Amino acid sequence: MENVTIFNHPLIQHKISILRSKSTGTNEFRALIEEIAMLMGYEALRDLPLADVEVETPIETCMTPMISGKKLAVVPILRAGLGMVNGILALVPSAKVGHVGLYRDEVTHEPHEYYCKLPTPIELRTIVVTDPMLATGGSAVAAVNFIKEHGGRHIKFMSIIAAPEGLKRLHEAHPDIQIYVGHLDRCLNEDAYICPGLGDAGDRIFGTR
């Protein structure tokens with residue numbers, strides 16, 4: 001699919017395998033989510049615009065490239081998406097952070113918005129939407145819809161694992177955005193959980209049940 005990147009880097013695959021294990025505790029799980037987000041972000045942000053600026057080195061003054069224009073915006077889908085934010089901020093500490101809050105109906109599995117706060121001017125920023133799991137795709141599609149309604153244009157979506165159903169739904173709804181997936185899993189089960197998956201990412205990041 002155009003505009004979709006599925007990673008095959010050994011470090012990302014290795015860390016995702018540790019995430020999957022039910023014996024991986026909260027602290028390690030949280031750290032791995034950040035590390036994977038940083039590794040994925042390194043590739044996802046390769047098209048950030050650069051402009052030459054004047055810098056004085058210990059030897060001489062030179063023109064050297066730095067990120068130009070309005071800075072990055074990281075927009076996690078609450079709550080699990082928060083776990084990926086620090087990984088992106090490690091790469092671009094000056095990035096602004098917005099939030100989109102969604103909850104999933106337990107019967108229909110469809111998302112409902114309860115919060116949306118984005119940094120301004122959002123229309124001039126590169127926006128990275130984060131959610132560790134792309135399952136049905138409902139939350140991802142809704143989040144991108146909200147961001148576009150608020151004026152967002154240059155949008156990237158990052159998930160650590162995805163089901164084929166969710167990836168297809170997001171890509172068909174928003175073919176103009178760039179999608180980055182750490183690993184494409186087999187399918188969704190009857191409860192709309194990714195298989196083999198890693199359980200509930202939010203619960204495992206925050207130590208809740």
# chains A, B, ... in the order shown; residues from 1 in each chain; ligands from 1
>>> closest_atom_pairs(of="stretch 117-181 of chain A", to="stretch 65-81 of chain A", cutoff="7 Å", atoms="only C-alpha atoms", output="Markdown table")
| residue | atom | partner | partner_atom | distance |
| --- | --- | --- | --- | --- |
| A:Leu124 | CA | A:Lys70 | CA | 6.3 |
| A:Arg125 | CA | A:Lys70 | CA | 5.6 |
| A:Thr126 | CA | A:Leu72 | CA | 5.1 |
| A:Ile127 | CA | A:Ala73 | CA | 4.7 |
| A:Val128 | CA | A:Val74 | CA | 4.8 |
| A:Val129 | CA | A:Val75 | CA | 4.7 |
| A:Thr130 | CA | A:Pro76 | CA | 4.6 |
| A:Asp131 | CA | A:Gly81 | CA | 4.1 |
| A:Pro132 | CA | A:Gly81 | CA | 6.0 |
>>> residues_around(residues="A:Asn27", least_positions_apart="3", cutoff="8 Å", atoms="only C-alpha atoms", output="list in words")
Arg30, Ala31 and Ile205 of chain A
>>> closest_atom_pairs(of="stretch 99-155 of chain A", to="stretch 179-195 of chain A", cutoff="12 Å", atoms="only C-alpha atoms", output="Markdown table")
| residue | atom | partner | partner_atom | distance |
| --- | --- | --- | --- | --- |
| A:Arg104 | CA | A:Ala192 | CA | 10.7 |
| A:Asp105 | CA | A:Ala192 | CA | 11.3 |
| A:Glu106 | CA | A:Asp191 | CA | 9.0 |
| A:Val107 | CA | A:Asp191 | CA | 9.2 |
| A:Thr108 | CA | A:Ala192 | CA | 9.9 |
| A:His109 | CA | A:Ala192 | CA | 7.4 |
| A:Glu110 | CA | A:Ala192 | CA | 10.5 |
| A:Ile127 | CA | A:Ile179 | CA | 11.8 |
| A:Val128 | CA | A:Ile179 | CA | 9.7 |
| A:Val129 | CA | A:Ile179 | CA | 9.5 |
| A:Thr130 | CA | A:Tyr180 | CA | 9.8 |
| A:Asp131 | CA | A:Val181 | CA | 10.2 |
| A:Pro132 | CA | A:Gly182 | CA | 9.1 |
| A:Met133 | CA | A:Ile194 | CA | 8.1 |
| A:Leu134 | CA | A:Ile194 | CA | 8.3 |
| A:Ala135 | CA | A:Ile194 | CA | 5.9 |
| A:Thr136 | CA | A:Ala192 | CA | 6.6 |
| A:Gly137 | CA | A:Ala192 | CA | 10.2 |
| A:Gly138 | CA | A:Ala192 | CA | 10.9 |
| A:Ala140 | CA | A:Ile179 | CA | 10.6 |
| A:Val141 | CA | A:Ile179 | CA | 11.7 |
| A:Val144 | CA | A:Ile179 | CA | 11.5 |
| A:His154 | CA | A:Ile179 | CA | 11.8 |
| A:Ile155 | CA | A:Ile179 | CA | 8.9 |
>>> atom_distance(atom1="atom CA of A:Gln13", atom2="atom CA of A:Ser139")
24.4 Å
>>> select_by_dssp(residues="stretch 35-129 of chain A", states="alpha helix (DSSP H)", output="ChimeraX atom specification")
/A:35-44,82-91
>>> closest_residue(among="A:Lys117, A:Arg20, A:His14, A:Arg169", to="A:Phe146", atoms="only C-alpha atoms")
A:Lys117
>>> residues_around(residues="A:Leu91", least_positions_apart="4", cutoff="9 Å", atoms="only C-alpha atoms", output="PyMOL selection string")
chain A and resi 38+41-42+86-87
>>> atom_distance(atom1="atom CA of A:Glu2", atom2="atom CA of A:Lys168")
11.3 Å
>>> atom_distance(atom1="atom CA of A:Asn8", atom2="atom CA of A:Met158")
14.7 Å
>>> select_by_dssp(residues="chain A", states="strand (DSSP E)", output="PyMOL selection string")
chain A and resi 4-6+50-56+61-67+73-78+96-97+99-104+111-117+126-130+133-134+154-162+178-184+187-188+194-195
